[in-house]
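Accompanying notes for the structure given below.
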Amino acid sequence: AKVKEVEFIKSSARARDCPVDDRPEFAILGRSNVGKSSLINSLVRRKEIALTSKKPGKTQLINHFLVNKSWYLVDLPGYGFAKAPEAAKMDWSSFTKGYFLNRSTLVGVLLLIDASVPPQKIDLDCANWLGRNKIPITFVFTKCDKMKVTKGKRPDENIRDFQEFIKQNYKQHPAWIMTSSVSGVGRDELLLHMSQLRNY
Ligand code: GTP
Ligand code: MG
């Protein structure tokens, strides 16, 4: 499951502009600022091949990264950014949903959940939408390094609460992995998990 090379292929504004290719891909999805672009950089060990920012709303297009010339990681715009202009929110649902519903090479979605905050309804809504559309998901908890919280709970407590929340509100029991793009924890486990999914 080693990453030997990675190449940025293209940014697409619409599903139909994505690369025409039969190689498998994984989409990285989650709330704005959850750490989608950072996770990609961590997985492929490249500092800023996917652009990140402290401010939510950085990634605005569908970005394809080809790994080892054999499979793709796809960076997507985040959802749930309350301050996003109405136009941008509309855009998310039309073009990102278009991507999910039309991308036949999609092996699965890594649904990123911020472990430094309590469970969010919008993440459950997203999981349910993907479930209804028969798109397999893996829960990937991010920011598990954040042990110092000013208020609220620690990441392990938030993760436990989220698991409980999912058990009560979601039919399937997806795999889940704890990660940190800062410490690299979970990186190898996630790469192995994706290599297993590709071979099914
Ligand atoms: P959008 O593109 O706006 O949807 O955001 P994104 O989900 O791609 O988030 P991004 O990777 O840009 O990271 C947002 C912020 O969170 C940045 O300041 C990152 O440095 C920080 N961050 C991301 N992952 C981690 C992590 O594992 N731990 C910590 N402590 N911070 C992280
Ligand atoms: Mg991003």
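Ordered as shown in the structure tokens, chains take letters A, B, and onward, while each chain numbers its residues from 1 and ligands are numbered from 1 in the order shown.
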Practice item. Within 12 Å of ligand 2, which residues show up when you count only C-alpha atoms and all ligand atoms? List them as a VMD selection string, please. Key: chain A and resid 28 to 41 48 to 63 74 to 79 112
Exercise for review: Please provide the set of residues having any atom within 8 Å of Pro118 (chain A), restricted to only C-alpha atoms, with same-chain residues fewer than 4 positions apart removed, written as number ranges by chain.
Suggested key: A: 152-153, 158, 161-162
Those residues you just picked out, can you put them in a file as an mmCIF file, in the first residue's frame with N, CA and C atoms?
```
data_model
loop_
_atom_site.group_PDB
_atom_site.id
_atom_site.type_symbol
_atom_site.label_atom_id
_atom_site.label_comp_id
_atom_site.auth_asym_id
_atom_site.auth_seq_id
_atom_site.Cartn_x
_atom_site.Cartn_y
_atom_site.Cartn_z
ATOM 1 N N GLY A 152 -15.558 21.665 25.815
ATOM 2 C CA GLY A 152 -16.067 20.441 25.221
ATOM 3 C C GLY A 152 -15.199 19.249 25.554
ATOM 4 N N LYS A 153 -15.260 18.241 24.655
ATOM 5 C CA LYS A 153 -14.654 16.957 24.981
ATOM 6 C C LYS A 153 -13.398 16.674 24.179
ATOM 7 N N ASN A 158 -15.417 12.495 21.698
ATOM 8 C CA ASN A 158 -16.263 12.888 20.567
ATOM 9 C C ASN A 158 -16.495 11.718 19.615
ATOM 10 N N ASP A 161 -19.007 9.403 21.103
ATOM 11 C CA ASP A 161 -20.351 9.981 20.952
ATOM 12 C C ASP A 161 -20.851 9.837 19.514
ATOM 13 N N PHE A 162 -19.937 10.047 18.563
ATOM 14 C CA PHE A 162 -20.337 9.947 17.161
ATOM 15 C C PHE A 162 -20.741 8.513 16.811
#
```
Check your understanding: For ligand 1, which residue among A:Val6, A:Met194, A:Met147, A:Cys18 is the nearest when counting only C-alpha atoms and all ligand atoms?
Key -> A:Met147
Review point. Where in region 24-176 of chain A does DSSP assign helix (DSSP H, G or I), given as a PyMOL selection string?
Key: chain A and resi 36-44+86-102+121-132+155-169
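The smallest atom-to-atom distance between ligand 1 and any of A:Val140, A:Ile9, A:Ala15, A:Ala175, using only C-alpha atoms and all ligand atoms, is found for A:Val140.
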Excluding same-chain residues fewer than 2 positions from Ile137 (chain A), what lies within 7 Å of it counting only C-alpha atoms, as a compact mmCIF listing (two decimals) with C-alpha atoms, in the first residue's frame?
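Final output, saved to result11.txt:
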```txt
# COMPACT_ATOMS: atom_id res chain seq x y z
CA GLY A 108 -15.89 4.62 -2.07
CA VAL A 109 -16.07 7.82 -0.11
CA LEU A 110 -13.86 8.70 2.81
CA LEU A 111 -16.29 10.71 4.92
CA ILE A 135 -22.23 4.75 -2.24
CA PHE A 139 -15.61 7.19 8.42
CA PRO A 174 -19.17 1.45 7.99
```
Check your understanding: Got a sec: who's within 10 Å of Asn169 (chain A), counting only C-alpha atoms, leaving out chain neighbours fewer than 4 positions off, as a PyMOL selection string?
Key -> chain A and resi 124-125+128+163-165
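The residue that comes closest to ligand 1, out of A:Arg154, A:Arg187, A:Lys143, A:His64 and on the basis of only C-alpha atoms and all ligand atoms, is A:Lys143.
Nearest-residue note for ligand 1: choosing from A:Val185, A:Ala13, A:Val44, A:Ile122, the minimum distance belongs to A:Val185, counting only C-alpha atoms and all ligand atoms.
The spacing separating CA of Asp21 (chain A) from atom 5 (O, counted along the ligand's line) of ligand 1 amounts to 26.1 Å.
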Exercise for review: To one decimal in Å, tell me the separation between atom 10 (P, counted along the ligand's line) of ligand 1 and CA of Ala27 (chain A).
Suggested key: 14.8 Å
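Minimum distance to ligand 1 across A:Arg160, A:Lys69, A:Lys146, A:His173 (counting only C-alpha atoms and all ligand atoms) occurs at A:Lys146.
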Practice item. Give me the residues within 6 Å of Phe141 (chain A) as a list in words, counting only C-alpha atoms and dropping any in the same chain fewer than 4 places off. Key: Leu112, Ile113, Asp114, Ala115, Met178 and Thr179 of chain A
Practice item. Could you give me, as a ChimeraX atom specification, each residue of region 13-182 of chain A that DSSP assigns to strand (DSSP E or B) when run on this structure's backbone? Key: /A:25-31,62-67,71-75,79,106-114,137-142,176-178
With C-alpha atoms retained, export the selected residues as a PDB file, in the first residue's frame.
```pdb
ATOM      1  CA  GLU A  25     -10.957   6.438  -7.266  1.00  0.00           C
ATOM      2  CA  PHE A  26     -11.752   7.501  -3.708  1.00  0.00           C
ATOM      3  CA  ALA A  27     -13.525  10.757  -2.938  1.00  0.00           C
ATOM      4  CA  ILE A  28     -12.600  12.749   0.162  1.00  0.00           C
ATOM      5  CA  LEU A  29     -15.688  14.407   1.598  1.00  0.00           C
ATOM      6  CA  GLY A  30     -16.608  16.279   4.761  1.00  0.00           C
ATOM      7  CA  ARG A  31     -17.422  19.639   6.270  1.00  0.00           C
ATOM      8  CA  ILE A  62     -13.175  18.644  -7.919  1.00  0.00           C
ATOM      9  CA  ASN A  63      -9.433  17.878  -7.876  1.00  0.00           C
ATOM     10  CA  HIS A  64      -8.006  14.611  -9.185  1.00  0.00           C
ATOM     11  CA  PHE A  65      -4.672  13.264  -7.912  1.00  0.00           C
ATOM     12  CA  LEU A  66      -3.293  10.111  -9.539  1.00  0.00           C
ATOM     13  CA  VAL A  67      -1.384   7.819  -7.173  1.00  0.00           C
ATOM     14  CA  TRP A  71      -5.739   4.999  -8.640  1.00  0.00           C
ATOM     15  CA  TYR A  72      -7.080   8.436  -7.775  1.00  0.00           C
ATOM     16  CA  LEU A  73      -7.640  10.473  -4.644  1.00  0.00           C
ATOM     17  CA  VAL A  74     -10.260  13.146  -5.266  1.00  0.00           C
ATOM     18  CA  ASP A  75     -10.321  16.333  -3.205  1.00  0.00           C
ATOM     19  CA  TYR A  79     -20.124  21.234   2.896  1.00  0.00           C
ATOM     20  CA  LEU A 106     -15.875   5.609  -7.585  1.00  0.00           C
ATOM     21  CA  VAL A 107     -14.840   2.802  -5.207  1.00  0.00           C
ATOM     22  CA  GLY A 108     -15.886   4.624  -2.073  1.00  0.00           C
ATOM     23  CA  VAL A 109     -16.070   7.823  -0.112  1.00  0.00           C
ATOM     24  CA  LEU A 110     -13.857   8.705   2.814  1.00  0.00           C
ATOM     25  CA  LEU A 111     -16.288  10.706   4.921  1.00  0.00           C
ATOM     26  CA  LEU A 112     -14.172  12.884   7.184  1.00  0.00           C
ATOM     27  CA  ILE A 113     -15.430  13.668  10.667  1.00  0.00           C
ATOM     28  CA  ASP A 114     -13.732  16.259  12.871  1.00  0.00           C
ATOM     29  CA  ILE A 137     -18.383   5.041   2.948  1.00  0.00           C
ATOM     30  CA  THR A 138     -15.550   4.826   5.455  1.00  0.00           C
ATOM     31  CA  PHE A 139     -15.611   7.188   8.421  1.00  0.00           C
ATOM     32  CA  VAL A 140     -12.249   8.883   8.792  1.00  0.00           C
ATOM     33  CA  PHE A 141     -11.884  10.874  12.002  1.00  0.00           C
ATOM     34  CA  THR A 142      -9.509  13.817  11.583  1.00  0.00           C
ATOM     35  CA  TRP A 176     -13.836   3.777  10.665  1.00  0.00           C
ATOM     36  CA  ILE A 177     -10.266   4.972  11.101  1.00  0.00           C
ATOM     37  CA  MET A 178      -8.715   7.572  13.408  1.00  0.00           C
TER      38      MET A 178
END
```
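Atom pair CA of Lys10 (chain A) / CA of Arg46 (chain A): separated by 16.8 Å.
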